[in-house]
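Below: the structure, in structure tokens.
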Amino acid sequence: MKKLMILGGSRYALPVIRAAHSLGLYVITCDYLPDNIAHKYSDEYCNVSIIDKEATLEAARRLKPDGVISFACDPGVVTAAYVAEQLGLPSVGSYEAVSILQNKGRFRRFLTEHGFNVPTAKGYTSADDAVRDVDLFHWPVIVKPTDSAGSKGVTRVDDPAKLRESIAYALSFSHCSEFIVEDFITQHGFSSDTDSFSVDGELRFVSFNSQRFDRGAENPYTPAAYSWPSSMTEEHQRELASEIQRLITLLGLGTSVYNIETREGTDGKAYIMELSPRGGGNRLSECLEYATGVKLVENAVRAAVGMPVVGVEQKPYDGCWAEVILHSDKPGVFDSLWISDEIAGNVFERDLWIEPGTKVGGFSAANEAVGTLVLKFENDSRLQEVMADVSRYVKILVK
């Protein structure tokens, strides 16, 4: 029986575990939190910090997995690539290539050096150095840790006088004590944050969506909903698909699922903002399987243990789809989930993660989500109508 080592134990690992078990694999989940939900469903738990590459490598030498994966778990992606390279296990690419993708500062430099559209951006370890560079940027700017996900530590800064405050906030979420400052790109329409897949270096499945935010949330840069298809122009989607392929080729990447953030700017340019060789959080790969039938999660598992991937090809969406990230607008005690009768017929899946009486926080980061709601519409006009005012149709009620 082949073994799969999964780095991270959050609920986003559950579909990976299900897929691995369906393929007859033995599953080992790893992190430093024994009570994480995924460990209840794996075959074995290994207590190790997944940001500690050497400790994880030592554990892998002892446990002898046939593959290692960090799916929807950003902190483990570089470690997975390191372990795979050291042990000769399947991997999307070299440890160096993955390290470039996972560090926002290095990634921006790579894009710049190879002629991609890229905002003015620079990575720092010193707030003093960043403050000295205020004239380098076209304000406003975004400040964020170079190594965090889920919008943790991210702020928009309009006034240079508030730059230090935002830097301190970003560094509080950084494992490597590094942050990036970059121009804020005013987007045209909606940005995109969704998953794609390459096989032997060829981009076989690419998707774009409309990433939506709750402007009234504690952190207005935490994604609150997604919808497919995208608001992006077909021309920019084709351009971005070509540029993503070029990036994959330049970095020598092979077979993997990717979470990719892209954006159309009001300057008329299309940008690759982030590309990470992992499944996205918020169940994006699962939603894409519902919409297209392409099994991204299963094929990510297959790739991780060296099994052939199956059925990864470009397919159209079967209807118009949306995913709402359920969250409370304020801290409190969860009472119930209310869904309007007006969209009852559009509910494809309701996945609530908490029980009444559970304390909830405001929506300051992705880990404050309390569930997901997947909706299917027959036409885009109705989808747009509902998604333009989600709170009219869906509410988390708290006491």
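Simple scheme: letters A, B, ... for chains in structure tokens order, numbers from 1 for residues in each chain, numbers from 1 for ligands in the order shown.
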- Query: stretch 65-240 of chain A: which residues are strand (DSSP E or B) by DSSP, as a ChimeraX atom specification?
  - Reply: /A:67-69,121-124,141-145,155-157,179-183,187,192-199,202-205,210-213,223-228
So which residues touch stretch 237-248 of chain A within 8 Å, counting only C-alpha atoms, skipping near sequence neighbours fewer than 2 positions away, as a short mmCIF file (atom, residue, chain, number, x, y, z; two decimals) with N, CA and C atoms, in the first residue's frame?
data_model
loop_
_atom_site.label_atom_id
_atom_site.label_comp_id
_atom_site.auth_asym_id
_atom_site.auth_seq_id
_atom_site.Cartn_x
_atom_site.Cartn_y
_atom_site.Cartn_z
N PHE A 116 7.14 39.98 -17.29
CA PHE A 116 5.71 39.87 -17.03
C PHE A 116 5.17 41.23 -16.58
N GLY A 201 4.21 19.76 -17.37
CA GLY A 201 4.59 21.11 -17.79
C GLY A 201 3.62 21.77 -18.73
N GLU A 202 2.53 21.08 -19.10
CA GLU A 202 1.53 21.66 -20.00
C GLU A 202 0.28 22.05 -19.20
N LEU A 203 -0.15 23.28 -19.34
CA LEU A 203 -1.34 23.75 -18.64
C LEU A 203 -2.56 23.13 -19.30
N VAL A 206 -7.32 25.39 -17.02
CA VAL A 206 -7.13 26.73 -16.46
C VAL A 206 -8.50 27.33 -16.21
N PHE A 208 -10.71 30.85 -14.44
CA PHE A 208 -10.75 32.20 -13.90
C PHE A 208 -12.12 32.40 -13.27
N MET A 232 -13.67 38.71 -16.25
CA MET A 232 -12.56 39.13 -17.11
C MET A 232 -12.92 38.98 -18.58
N THR A 233 -12.34 39.83 -19.40
CA THR A 233 -12.54 39.72 -20.84
C THR A 233 -11.91 38.44 -21.36
N GLU A 234 -12.48 37.92 -22.42
CA GLU A 234 -11.93 36.70 -23.03
C GLU A 234 -10.49 36.95 -23.49
N GLU A 235 -10.23 38.15 -23.98
CA GLU A 235 -8.88 38.49 -24.44
C GLU A 235 -7.87 38.39 -23.30
N LEU A 250 9.20 28.47 -17.65
CA LEU A 250 10.42 29.10 -17.15
C LEU A 250 10.91 28.46 -15.86
N LEU A 251 9.98 28.07 -14.99
CA LEU A 251 10.35 27.50 -13.71
C LEU A 251 10.55 25.98 -13.77
N GLY A 252 10.29 25.40 -14.92
CA GLY A 252 10.50 23.96 -15.07
C GLY A 252 9.53 23.12 -14.26
N LEU A 253 8.30 23.59 -14.14
CA LEU A 253 7.30 22.88 -13.35
C LEU A 253 6.70 21.73 -14.16
N GLY A 254 6.18 20.72 -13.45
CA GLY A 254 5.67 19.54 -14.11
C GLY A 254 4.18 19.33 -13.96
N THR A 262 -5.17 36.30 -10.30
CA THR A 262 -4.91 37.18 -11.43
C THR A 262 -5.84 38.39 -11.33
N ALA A 270 -3.27 42.96 -17.75
CA ALA A 270 -3.64 41.77 -16.97
C ALA A 270 -2.41 41.31 -16.19
N TYR A 271 -2.63 40.97 -14.91
CA TYR A 271 -1.51 40.65 -14.02
C TYR A 271 -1.67 39.27 -13.39
N ILE A 272 -0.57 38.53 -13.30
CA ILE A 272 -0.50 37.35 -12.44
C ILE A 272 -0.05 37.85 -11.07
#
Excluding A:Val390 and its own-chain neighbours fewer than 3 positions away, which residues fall within 10 Å of it when counting only C-alpha atoms? Please give them as an mmCIF file with N, CA and C atoms, in the first residue's frame.
data_model
loop_
_atom_site.group_PDB
_atom_site.id
_atom_site.type_symbol
_atom_site.label_atom_id
_atom_site.label_comp_id
_atom_site.auth_asym_id
_atom_site.auth_seq_id
_atom_site.Cartn_x
_atom_site.Cartn_y
_atom_site.Cartn_z
ATOM 1 N N ASP A 214 -16.264 41.132 1.253
ATOM 2 C CA ASP A 214 -17.261 41.762 2.117
ATOM 3 C C ASP A 214 -16.633 43.048 2.646
ATOM 4 N N ALA A 224 -14.641 36.648 0.415
ATOM 5 C CA ALA A 224 -15.905 36.271 1.044
ATOM 6 C C ALA A 224 -16.813 35.472 0.117
ATOM 7 N N ALA A 225 -16.499 35.439 -1.174
ATOM 8 C CA ALA A 225 -17.306 34.677 -2.126
ATOM 9 C C ALA A 225 -16.554 34.578 -3.448
ATOM 10 N N VAL A 324 -20.241 30.922 -1.408
ATOM 11 C CA VAL A 324 -20.267 31.946 -0.370
ATOM 12 C C VAL A 324 -19.489 31.409 0.834
ATOM 13 N N GLN A 384 -25.415 37.265 -10.825
ATOM 14 C CA GLN A 384 -24.903 38.596 -10.518
ATOM 15 C C GLN A 384 -25.836 39.346 -9.574
ATOM 16 N N GLU A 385 -27.128 39.176 -9.763
ATOM 17 C CA GLU A 385 -28.115 39.847 -8.914
ATOM 18 C C GLU A 385 -27.978 39.404 -7.460
ATOM 19 N N VAL A 386 -27.831 38.095 -7.259
ATOM 20 C CA VAL A 386 -27.715 37.561 -5.899
ATOM 21 C C VAL A 386 -26.368 37.924 -5.284
ATOM 22 N N MET A 387 -25.292 37.758 -6.049
ATOM 23 C CA MET A 387 -23.961 37.981 -5.497
ATOM 24 C C MET A 387 -23.674 39.455 -5.246
ATOM 25 N N TYR A 393 -29.590 37.608 1.100
ATOM 26 C CA TYR A 393 -30.044 36.232 0.900
ATOM 27 C C TYR A 393 -29.460 35.234 1.906
ATOM 28 N N VAL A 394 -28.327 35.572 2.515
ATOM 29 C CA VAL A 394 -27.631 34.648 3.415
ATOM 30 C C VAL A 394 -27.124 35.412 4.626
ATOM 31 N N LYS A 395 -27.388 34.886 5.822
ATOM 32 C CA LYS A 395 -26.906 35.551 7.038
ATOM 33 C C LYS A 395 -26.488 34.513 8.077
#
- Item | Residues of stretch 188-372 of chain A in alpha helix (DSSP H), written as a ChimeraX atom specification | /A:234-250,284-292,296-304
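Atom pair atom CA of A:Ser148 / atom CA of A:Glu298: separated by 25.5 Å.
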Residues of stretch 58-96 of chain A within 10 Å of stretch 29-51 of chain A: nearest atom pair and distance (Å, one decimal) for each, counting only C-alpha atoms, sorted by chain and number, as a tab-separated table?
residue	atom	partner	partner_atom	distance
A:Glu58	CA	A:Val48	CA	9.7
A:Ala59	CA	A:Cys46	CA	7.7
A:Ala60	CA	A:Cys46	CA	9.5
A:Leu63	CA	A:Cys46	CA	9.1
A:Val68	CA	A:Thr29	CA	9.8
A:Ile69	CA	A:Thr29	CA	9.8
A:Ser70	CA	A:Ile50	CA	9.4
A:Cys73	CA	A:Ile50	CA	9.9
A:Asp74	CA	A:Ile51	CA	9.8
A:Pro75	CA	A:Ile51	CA	6.0
A:Gly76	CA	A:Ile50	CA	5.5
A:Val77	CA	A:Ile51	CA	8.9
A:Val78	CA	A:Ile51	CA	8.2
A:Thr79	CA	A:Ile51	CA	6.4
A:Ala80	CA	A:Ile50	CA	8.5
Let me see the file: selected residues, N, CA, C and O atoms, as an mmCIF file, in the first residue's frame.
data_model
loop_
_atom_site.group_PDB
_atom_site.id
_atom_site.type_symbol
_atom_site.label_atom_id
_atom_site.label_comp_id
_atom_site.auth_asym_id
_atom_site.auth_seq_id
_atom_site.Cartn_x
_atom_site.Cartn_y
_atom_site.Cartn_z
ATOM 1 N N GLU A 58 13.076 14.616 8.571
ATOM 2 C CA GLU A 58 13.419 13.511 9.483
ATOM 3 C C GLU A 58 12.212 12.598 9.688
ATOM 4 O O GLU A 58 12.334 11.359 9.677
ATOM 5 N N ALA A 59 11.038 13.185 9.849
ATOM 6 C CA ALA A 59 9.819 12.386 10.014
ATOM 7 C C ALA A 59 9.532 11.574 8.761
ATOM 8 O O ALA A 59 9.134 10.403 8.834
ATOM 9 N N ALA A 60 9.743 12.183 7.589
ATOM 10 C CA ALA A 60 9.498 11.477 6.335
ATOM 11 C C ALA A 60 10.484 10.324 6.143
ATOM 12 O O ALA A 60 10.107 9.256 5.638
ATOM 13 N N LEU A 63 8.992 7.608 8.292
ATOM 14 C CA LEU A 63 7.673 7.099 7.894
ATOM 15 C C LEU A 63 7.635 6.553 6.469
ATOM 16 O O LEU A 63 6.718 5.824 6.117
ATOM 17 N N VAL A 68 4.432 13.373 -0.855
ATOM 18 C CA VAL A 68 4.115 14.367 0.170
ATOM 19 C C VAL A 68 3.391 15.520 -0.516
ATOM 20 O O VAL A 68 3.733 15.919 -1.632
ATOM 21 N N ILE A 69 2.360 16.050 0.139
ATOM 22 C CA ILE A 69 1.536 17.099 -0.453
ATOM 23 C C ILE A 69 1.127 18.099 0.621
ATOM 24 O O ILE A 69 0.936 17.733 1.780
ATOM 25 N N SER A 70 1.030 19.346 0.213
ATOM 26 C CA SER A 70 0.482 20.395 1.077
ATOM 27 C C SER A 70 -0.627 21.060 0.278
ATOM 28 O O SER A 70 -0.370 21.902 -0.573
ATOM 29 N N CYS A 73 -2.762 24.535 2.033
ATOM 30 C CA CYS A 73 -2.013 24.818 3.262
ATOM 31 C C CYS A 73 -0.695 25.466 2.853
ATOM 32 O O CYS A 73 0.298 24.784 2.605
ATOM 33 N N ASP A 74 -0.702 26.783 2.766
ATOM 34 C CA ASP A 74 0.448 27.514 2.256
ATOM 35 C C ASP A 74 1.742 27.278 3.024
ATOM 36 O O ASP A 74 2.795 27.138 2.418
ATOM 37 N N PRO A 75 1.715 27.206 4.377
ATOM 38 C CA PRO A 75 2.977 27.053 5.100
ATOM 39 C C PRO A 75 3.736 25.771 4.774
ATOM 40 O O PRO A 75 4.953 25.711 4.962
ATOM 41 N N GLY A 76 3.045 24.744 4.280
ATOM 42 C CA GLY A 76 3.712 23.475 4.032
ATOM 43 C C GLY A 76 4.217 23.283 2.618
ATOM 44 O O GLY A 76 4.883 22.281 2.331
ATOM 45 N N VAL A 77 3.939 24.220 1.709
ATOM 46 C CA VAL A 77 4.262 24.004 0.297
ATOM 47 C C VAL A 77 5.769 23.912 0.067
ATOM 48 O O VAL A 77 6.254 23.008 -0.618
ATOM 49 N N VAL A 78 6.528 24.847 0.620
ATOM 50 C CA VAL A 78 7.986 24.817 0.451
ATOM 51 C C VAL A 78 8.572 23.579 1.124
ATOM 52 O O VAL A 78 9.466 22.923 0.572
ATOM 53 N N THR A 79 8.068 23.246 2.297
ATOM 54 C CA THR A 79 8.569 22.062 3.013
ATOM 55 C C THR A 79 8.294 20.796 2.207
ATOM 56 O O THR A 79 9.151 19.901 2.119
ATOM 57 N N ALA A 80 7.111 20.692 1.612
ATOM 58 C CA ALA A 80 6.789 19.520 0.785
ATOM 59 C C ALA A 80 7.764 19.392 -0.375
ATOM 60 O O ALA A 80 8.237 18.287 -0.687
#
- Message: Please list as a ChimeraX atom specification every residue within 7 Å of A:Val143, counting only C-alpha atoms and excluding residues in the same chain fewer than 4 positions away.
- Response: /A:154-156,166-167,170,180-182
What would the file look like if the residues just selected were written as a short mmCIF file (atom, residue, chain, number, x, y, z; two decimals), in the first residue's frame with N, CA and C atoms?
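Written out: again-v6.cif:
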data_model
loop_
_atom_site.label_atom_id
_atom_site.label_comp_id
_atom_site.auth_asym_id
_atom_site.auth_seq_id
_atom_site.Cartn_x
_atom_site.Cartn_y
_atom_site.Cartn_z
N VAL A 154 -2.53 41.51 5.84
CA VAL A 154 -2.59 42.36 4.65
C VAL A 154 -3.36 43.65 4.94
N THR A 155 -2.80 44.77 4.54
CA THR A 155 -3.51 46.05 4.66
C THR A 155 -3.21 46.92 3.45
N ARG A 156 -4.16 47.77 3.12
CA ARG A 156 -3.94 48.81 2.13
C ARG A 156 -3.53 50.07 2.87
N SER A 166 1.39 49.44 9.43
CA SER A 166 1.01 48.31 8.59
C SER A 166 2.14 47.29 8.48
N ILE A 167 3.36 47.75 8.48
CA ILE A 167 4.51 46.83 8.45
C ILE A 167 4.53 45.97 9.72
N ALA A 170 1.93 43.34 9.39
CA ALA A 170 2.33 42.29 8.45
C ALA A 170 3.35 41.35 9.08
N ILE A 180 6.40 42.60 2.10
CA ILE A 180 6.50 43.20 0.78
C ILE A 180 5.58 44.42 0.73
N VAL A 181 6.05 45.44 0.03
CA VAL A 181 5.24 46.62 -0.27
C VAL A 181 5.09 46.67 -1.78
N GLU A 182 3.84 46.83 -2.26
CA GLU A 182 3.64 46.88 -3.70
C GLU A 182 2.51 47.84 -4.05
#
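Between A:Tyr26 and the residues A:Asp267, A:Pro356, A:Ser94, A:Lys2, the shortest atom-to-atom distance, using only C-alpha atoms, involves A:Lys2.
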- Nearest candidate to A:Tyr124 (options A:Lys144, A:Ser172, A:Thr292, A:Glu178; using only C-alpha atoms): A:Glu178
Can you list every residue of stretch 126-245 of chain A that has an atom at most 10 Å from stretch 363-368 of chain A, with its nearest atom pair and the distance in Å to one decimal, using only C-alpha atoms, ordered by chain then number, as a tab-separated table?
residue	atom	partner	partner_atom	distance
A:Ala149	CA	A:Ala366	CA	8.6
A:Gly150	CA	A:Ala366	CA	5.0
A:Ser151	CA	A:Ala365	CA	6.0
A:Lys152	CA	A:Ala365	CA	5.8
A:Gly153	CA	A:Ala365	CA	8.6
A:Val154	CA	A:Ala365	CA	9.5
A:Asp214	CA	A:Phe363	CA	8.9
A:Gly216	CA	A:Phe363	CA	9.2
A:Ala217	CA	A:Phe363	CA	5.5
A:Glu218	CA	A:Ser364	CA	4.9
A:Asn219	CA	A:Ser364	CA	4.6
A:Pro220	CA	A:Ser364	CA	8.0
A:Tyr221	CA	A:Ala365	CA	8.4
A:Thr222	CA	A:Ala365	CA	5.7
A:Pro223	CA	A:Ala366	CA	7.4
A:Ala224	CA	A:Ala366	CA	8.5
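Reported to one decimal place, the separation of atom CA of A:Ala13 from atom CA of A:Tyr169 is 28.1 Å.
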- Residue with the minimum atom-to-atom distance to A:Asp329, picked from A:Val157, A:Ala369, A:Leu87, A:Ala300 with only C-alpha atoms counted, is A:Ala369
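For the residues A:Val98, A:Val305, A:Glu342, A:Arg278, ranking by smallest atom-to-atom distance to A:Val27 using only C-alpha atoms places A:Val305 first.
Counting only C-alpha atoms, A:Asp335 has the following residues at most 9 Å away, ignoring those fewer than 2 positions along the same chain: Val333, Leu337, Glu355, Pro356, Gly357, Thr358, Ile396, Leu397, Val398 and Lys399 of chain A.
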- Task: May I ask for the distance between atom CA of A:Pro140 and atom CA of A:Pro160, given in Å to one decimal place?
- Result: 8.6 Å
- Task: Write out as a list in words each polymer residue whose atoms come within 9 Å of A:Gly279, counting only C-alpha atoms; drop sequence neighbours fewer than 5 positions from it.
- Result: Ser70, Phe71, Ala72, Cys73, Thr194, Asp195, Ser196, Ser256, Val257, Tyr258, Asn259, Leu284, Ser285, Leu296, Val297 and Ala300 of chain A
Export N, CA and C atoms of the chosen residues as a PDB file, in the first residue's frame?
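Ended up saving to out10.pdb:
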ATOM      1  N   SER A  70       1.030  19.346   0.213  1.00  0.00           N
ATOM      2  CA  SER A  70       0.482  20.395   1.077  1.00  0.00           C
ATOM      3  C   SER A  70      -0.627  21.060   0.278  1.00  0.00           C
ATOM      4  N   PHE A  71      -1.844  20.642   0.535  1.00  0.00           N
ATOM      5  CA  PHE A  71      -2.994  21.084  -0.264  1.00  0.00           C
ATOM      6  C   PHE A  71      -3.781  22.117   0.538  1.00  0.00           C
ATOM      7  N   ALA A  72      -3.987  23.288  -0.054  1.00  0.00           N
ATOM      8  CA  ALA A  72      -4.715  24.363   0.632  1.00  0.00           C
ATOM      9  C   ALA A  72      -4.064  24.712   1.965  1.00  0.00           C
ATOM     10  N   CYS A  73      -2.762  24.535   2.033  1.00  0.00           N
ATOM     11  CA  CYS A  73      -2.013  24.818   3.262  1.00  0.00           C
ATOM     12  C   CYS A  73      -0.695  25.466   2.853  1.00  0.00           C
ATOM     13  N   THR A 194      -8.552  31.233  -8.287  1.00  0.00           N
ATOM     14  CA  THR A 194      -9.136  29.930  -8.552  1.00  0.00           C
ATOM     15  C   THR A 194      -8.037  28.943  -8.923  1.00  0.00           C
ATOM     16  N   ASP A 195      -8.383  27.701  -9.173  1.00  0.00           N
ATOM     17  CA  ASP A 195      -7.390  26.648  -9.351  1.00  0.00           C
ATOM     18  C   ASP A 195      -7.248  26.218 -10.807  1.00  0.00           C
ATOM     19  N   SER A 196      -6.047  25.731 -11.128  1.00  0.00           N
ATOM     20  CA  SER A 196      -5.723  25.240 -12.468  1.00  0.00           C
ATOM     21  C   SER A 196      -4.830  24.009 -12.310  1.00  0.00           C
ATOM     22  N   SER A 256       0.899  19.360 -11.424  1.00  0.00           N
ATOM     23  CA  SER A 256       0.409  19.864 -10.145  1.00  0.00           C
ATOM     24  C   SER A 256      -0.888  20.629 -10.332  1.00  0.00           C
ATOM     25  N   VAL A 257      -1.629  20.711  -9.252  1.00  0.00           N
ATOM     26  CA  VAL A 257      -2.699  21.700  -9.139  1.00  0.00           C
ATOM     27  C   VAL A 257      -2.064  23.009  -8.688  1.00  0.00           C
ATOM     28  N   TYR A 258      -2.665  24.143  -9.086  1.00  0.00           N
ATOM     29  CA  TYR A 258      -2.168  25.463  -8.685  1.00  0.00           C
ATOM     30  C   TYR A 258      -3.322  26.321  -8.217  1.00  0.00           C
ATOM     31  N   ASN A 259      -3.074  27.133  -7.221  1.00  0.00           N
ATOM     32  CA  ASN A 259      -3.975  28.217  -6.879  1.00  0.00           C
ATOM     33  C   ASN A 259      -3.376  29.485  -7.473  1.00  0.00           C
ATOM     34  N   LEU A 284     -11.915  25.568  -3.434  1.00  0.00           N
ATOM     35  CA  LEU A 284     -12.020  25.970  -4.829  1.00  0.00           C
ATOM     36  C   LEU A 284     -11.954  24.782  -5.781  1.00  0.00           C
ATOM     37  N   SER A 285     -11.047  23.846  -5.531  1.00  0.00           N
ATOM     38  CA  SER A 285     -10.951  22.676  -6.409  1.00  0.00           C
ATOM     39  C   SER A 285     -12.224  21.844  -6.380  1.00  0.00           C
ATOM     40  N   LEU A 296      -9.814  17.676  -9.742  1.00  0.00           N
ATOM     41  CA  LEU A 296      -8.538  18.293  -9.416  1.00  0.00           C
ATOM     42  C   LEU A 296      -7.932  17.726  -8.135  1.00  0.00           C
ATOM     43  N   VAL A 297      -8.760  17.484  -7.126  1.00  0.00           N
ATOM     44  CA  VAL A 297      -8.237  16.969  -5.856  1.00  0.00           C
ATOM     45  C   VAL A 297      -7.666  15.567  -6.054  1.00  0.00           C
ATOM     46  N   ALA A 300      -4.440  15.719  -7.940  1.00  0.00           N
ATOM     47  CA  ALA A 300      -3.334  16.242  -7.131  1.00  0.00           C
ATOM     48  C   ALA A 300      -2.749  15.125  -6.276  1.00  0.00           C
TER      49      ALA A 300
END
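In terms of minimum interatomic distance to A:Lys295, A:Phe205 ranks closest within A:Val92, A:Arg263, A:Gly189, A:Phe205, counting only C-alpha atoms.
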